[in-house]
Amino acid sequence: MHGTSHQEDLGLFQTIEERHSVRKYEADYKMPEEDLTAILEAAALAPSSWNLQHWRFLVIEDAKKKEELLPIAYNQKQVVESCVTIAVLGDVEANKEAENVYGEAVEKGFMTEQIKDTLVSQINRAYEKDPAYPRELALTNASLAAMQLMLAAKAKGYDTCPMGGFNEEAFIKAFNIPDRFTPVMLITLGKAAIPAHRSSRKPLEELTIKNSF
Ligand SMILES: Cc1cc2nc3c(=O)[nH]c(=O)nc-3n(C[C@H](O)[C@H](O)[C@H](O)COP(=O)(O)O)c2cc1C
């Protein structure tokens, strides 16, 4: 089936309430490329530490690559039945982007050259100080883009499932992931064939601490 992108976007709160993890997709649904582009563009608007945009989106849409992914994702069928699986990767050397990101800001007149130089050296110092920090930042920031991707997909009438259940080492090997990037999660994206199973959430009182423990 060929999809069209005439779906009215949902409002934000409705989108959040209606997003659930779908594991059964219409396997023959062809997603219009413009919808995928719109969803990825929305994901890329996520905030990030120093605006370094630590995310990369590896779009796995080729049938053969999906089949290769299946055992790596412990045979979770959704990776072959959904339209695409997006591997969200985190950049563990995102400090290398600082020069570009801030160079552009200077060019556009958003900041001075001097502020740029101060920021770039601050970023490089932070990245060099603690060996765990680059990976932590990659995971935190790429996760924000992942969440935004799932909500954007829902607002456009699609469903998703975030997946941590895959063999990371095998994934890196099969998809030639460079050392610079760490896999954060896989996200299947497509048209639901069966709705998500129901899930509940803890009451807010249990989750909210006001001012201090
Ligand atoms: C980081 C992460 C990893 C997950 N890994 C898997 C997975 O490997 N397979 C799966 O079917 N669901 C996976 N889930 C989906 C969760 O089971 C689901 O989000 C949770 O049960 C809440 O349900 P809901 O998303 O439908 O609201 C994962 C979710 C997250 C956030």
# chains A, B, ... in the order shown; residues from 1 in each chain; ligands from 1
call {"tool": "residues_around", "arguments": {"residues": "range 142-158 of chain A", "least_positions_apart": "4", "cutoff": "7 Å", "atoms": "only C-alpha atoms", "output": "list in words"}}
result
Gln7, Asp9, Leu10, Thr15, Ile16, Arg19, Ile39, Leu40, Ala42, Ala43, Ala44, Ala46, His54, Trp55, Val88, Leu89, Gly90, Ala138, Leu189, Gly190 and Lys191 of chain A
call {"tool": "write_last_selection", "arguments": {"atoms": "N, CA and C atoms", "output": "short mmCIF file (atom, residue, chain, number, x, y, z; two decimals), in the first residue's frame"}}
result
data_model
loop_
_atom_site.label_atom_id
_atom_site.label_comp_id
_atom_site.auth_asym_id
_atom_site.auth_seq_id
_atom_site.Cartn_x
_atom_site.Cartn_y
_atom_site.Cartn_z
N GLN A 7 -2.40 13.30 6.49
CA GLN A 7 -2.77 13.23 7.89
C GLN A 7 -2.64 14.62 8.55
N ASP A 9 -1.78 16.88 11.50
CA ASP A 9 -0.93 16.67 12.66
C ASP A 9 -1.75 16.77 13.95
N LEU A 10 -1.42 15.88 14.91
CA LEU A 10 -2.10 15.91 16.20
C LEU A 10 -1.50 17.02 17.06
N THR A 15 -0.69 13.83 21.11
CA THR A 15 0.41 13.01 20.56
C THR A 15 1.11 12.25 21.68
N ILE A 16 1.41 12.95 22.75
CA ILE A 16 2.12 12.32 23.88
C ILE A 16 1.27 11.20 24.48
N ARG A 19 1.06 8.13 21.93
CA ARG A 19 2.28 7.38 21.56
C ARG A 19 2.46 6.18 22.49
N ILE A 39 9.84 13.96 9.75
CA ILE A 39 10.04 13.38 11.09
C ILE A 39 11.49 13.56 11.53
N LEU A 40 12.43 13.31 10.62
CA LEU A 40 13.85 13.45 10.97
C LEU A 40 14.21 14.92 11.20
N ALA A 42 12.21 17.17 12.39
CA ALA A 42 11.68 17.53 13.72
C ALA A 42 12.59 16.98 14.82
N ALA A 43 13.08 15.75 14.62
CA ALA A 43 13.98 15.14 15.62
C ALA A 43 15.24 15.99 15.78
N ALA A 44 15.73 16.50 14.66
CA ALA A 44 16.98 17.26 14.67
C ALA A 44 16.82 18.65 15.31
N ALA A 46 15.85 18.97 18.31
CA ALA A 46 16.01 18.75 19.75
C ALA A 46 17.13 19.64 20.30
N HIS A 54 24.48 15.94 18.93
CA HIS A 54 25.21 14.68 19.06
C HIS A 54 24.57 13.50 18.33
N TRP A 55 23.45 13.68 17.69
CA TRP A 55 22.72 12.57 17.07
C TRP A 55 23.08 12.38 15.60
N VAL A 88 19.45 5.36 16.18
CA VAL A 88 19.90 6.66 16.66
C VAL A 88 21.30 6.46 17.24
N LEU A 89 22.25 7.19 16.69
CA LEU A 89 23.64 7.07 17.12
C LEU A 89 24.03 8.34 17.87
N GLY A 90 24.92 8.19 18.83
CA GLY A 90 25.41 9.35 19.56
C GLY A 90 26.86 9.61 19.20
N ALA A 138 26.85 12.00 24.67
CA ALA A 138 26.33 11.41 23.43
C ALA A 138 24.99 10.72 23.71
N LEU A 189 9.64 2.29 12.82
CA LEU A 189 8.71 3.35 12.42
C LEU A 189 7.83 2.81 11.29
N GLY A 190 6.53 2.93 11.46
CA GLY A 190 5.63 2.46 10.40
C GLY A 190 4.18 2.64 10.79
N LYS A 191 3.31 1.95 10.01
CA LYS A 191 1.86 2.00 10.28
C LYS A 191 1.49 0.82 11.16
#
call {"tool": "residues_near_ligand", "arguments": {"ligand": "ligand 1", "cutoff": "10 Å", "atoms": "only C-alpha atoms and all ligand atoms", "output": "number ranges by chain"}}
result
A: 16-24, 73-74, 76-78, 143, 146-147, 150, 160-166, 184-188, 195-201
call {"tool": "select_by_dssp", "arguments": {"residues": "range 18-209 of chain A", "states": "alpha helix (DSSP H)", "output": "ChimeraX atom specification"}}
result
/A:18,33-43,63-72,78-81,98-107,113-129,133-155,168-174,204-207
call {"tool": "atom_distance", "arguments": {"atom1": "CA of Asp28 in chain A", "atom2": "CA of Glu41 in chain A"}}
result
24.5 Å
call {"tool": "residues_around", "arguments": {"residues": "Arg180 in chain A", "least_positions_apart": "2", "cutoff": "8 Å", "atoms": "only C-alpha atoms", "output": "short mmCIF file (atom, residue, chain, number, x, y, z; two decimals) with N, CA and C atoms, in the first residue's frame"}}
result
data_model
loop_
_atom_site.label_atom_id
_atom_site.label_comp_id
_atom_site.auth_asym_id
_atom_site.auth_seq_id
_atom_site.Cartn_x
_atom_site.Cartn_y
_atom_site.Cartn_z
N ASP A 91 27.19 10.89 19.05
CA ASP A 91 28.55 11.30 18.65
C ASP A 91 29.41 11.44 19.90
N VAL A 92 30.41 10.58 20.04
CA VAL A 92 31.27 10.65 21.23
C VAL A 92 32.46 11.62 21.02
N GLU A 93 32.50 12.22 19.85
CA GLU A 93 33.54 13.24 19.60
C GLU A 93 32.87 14.53 19.11
N PRO A 178 31.30 3.79 12.56
CA PRO A 178 32.64 4.27 12.91
C PRO A 178 32.79 4.45 14.43
N THR A 182 28.27 5.94 18.87
CA THR A 182 27.81 4.83 19.69
C THR A 182 26.31 4.62 19.47
#
call {"tool": "atom_distance", "arguments": {"atom1": "CA of Asn141 in chain A", "atom2": "CA of Phe57 in chain A"}}
result
13.0 Å
call {"tool": "residues_around", "arguments": {"residues": "Val101 in chain A", "least_positions_apart": "2", "cutoff": "10 Å", "atoms": "only C-alpha atoms", "output": "CSV table (one decimal) with N, CA and C atoms, in the first residue's frame"}}
result
chain,number,residue,atom,x,y,z
A,50,TRP,N,25.6,22.5,24.3
A,50,TRP,CA,26.4,23.5,23.5
A,50,TRP,C,25.9,23.4,22.0
A,51,ASN,N,24.7,23.0,21.8
A,51,ASN,CA,24.2,22.8,20.4
A,51,ASN,C,25.1,22.0,19.5
A,52,LEU,N,25.7,21.0,20.1
A,52,LEU,CA,26.6,20.2,19.3
A,52,LEU,C,25.9,19.1,18.5
A,53,GLN,N,24.6,18.9,18.8
A,53,GLN,CA,23.8,18.0,17.9
A,53,GLN,C,24.4,16.6,17.8
A,95,ASN,N,32.7,17.3,20.3
A,95,ASN,CA,33.5,18.6,20.5
A,95,ASN,C,34.1,19.0,19.1
A,96,LYS,N,34.3,18.0,18.3
A,96,LYS,CA,34.9,18.3,16.9
A,96,LYS,C,34.0,19.2,16.1
A,97,GLU,N,32.7,19.2,16.5
A,97,GLU,CA,31.7,20.0,15.7
A,97,GLU,C,31.6,21.5,16.2
A,98,ALA,N,32.3,21.8,17.3
A,98,ALA,CA,32.1,23.1,17.9
A,98,ALA,C,32.6,24.2,17.0
A,99,GLU,N,33.7,24.0,16.3
A,99,GLU,CA,34.2,25.0,15.4
A,99,GLU,C,33.2,25.3,14.3
A,103,GLY,N,31.2,28.6,14.2
A,103,GLY,CA,31.6,29.4,13.0
A,103,GLY,C,30.4,29.9,12.3
A,104,GLU,N,29.4,29.0,12.2
A,104,GLU,CA,28.1,29.4,11.5
A,104,GLU,C,27.4,30.5,12.3
A,105,ALA,N,27.4,30.4,13.6
A,105,ALA,CA,26.8,31.4,14.4
A,105,ALA,C,27.4,32.7,14.3
A,106,VAL,N,28.8,32.7,14.2
A,106,VAL,CA,29.5,34.0,14.0
A,106,VAL,C,29.1,34.6,12.6
A,116,LYS,N,33.0,32.8,20.4
A,116,LYS,CA,33.1,31.5,19.8
A,116,LYS,C,34.4,30.8,20.3
A,120,VAL,N,34.6,27.3,22.3
A,120,VAL,CA,35.3,26.2,21.7
A,120,VAL,C,36.3,25.6,22.7
call {"tool": "closest_residue", "arguments": {"among": "A:Leu137, A:Ile209, A:Ile194, A:Ile172", "to": "Ile72 in chain A", "atoms": "only C-alpha atoms"}}
result
A:Ile172
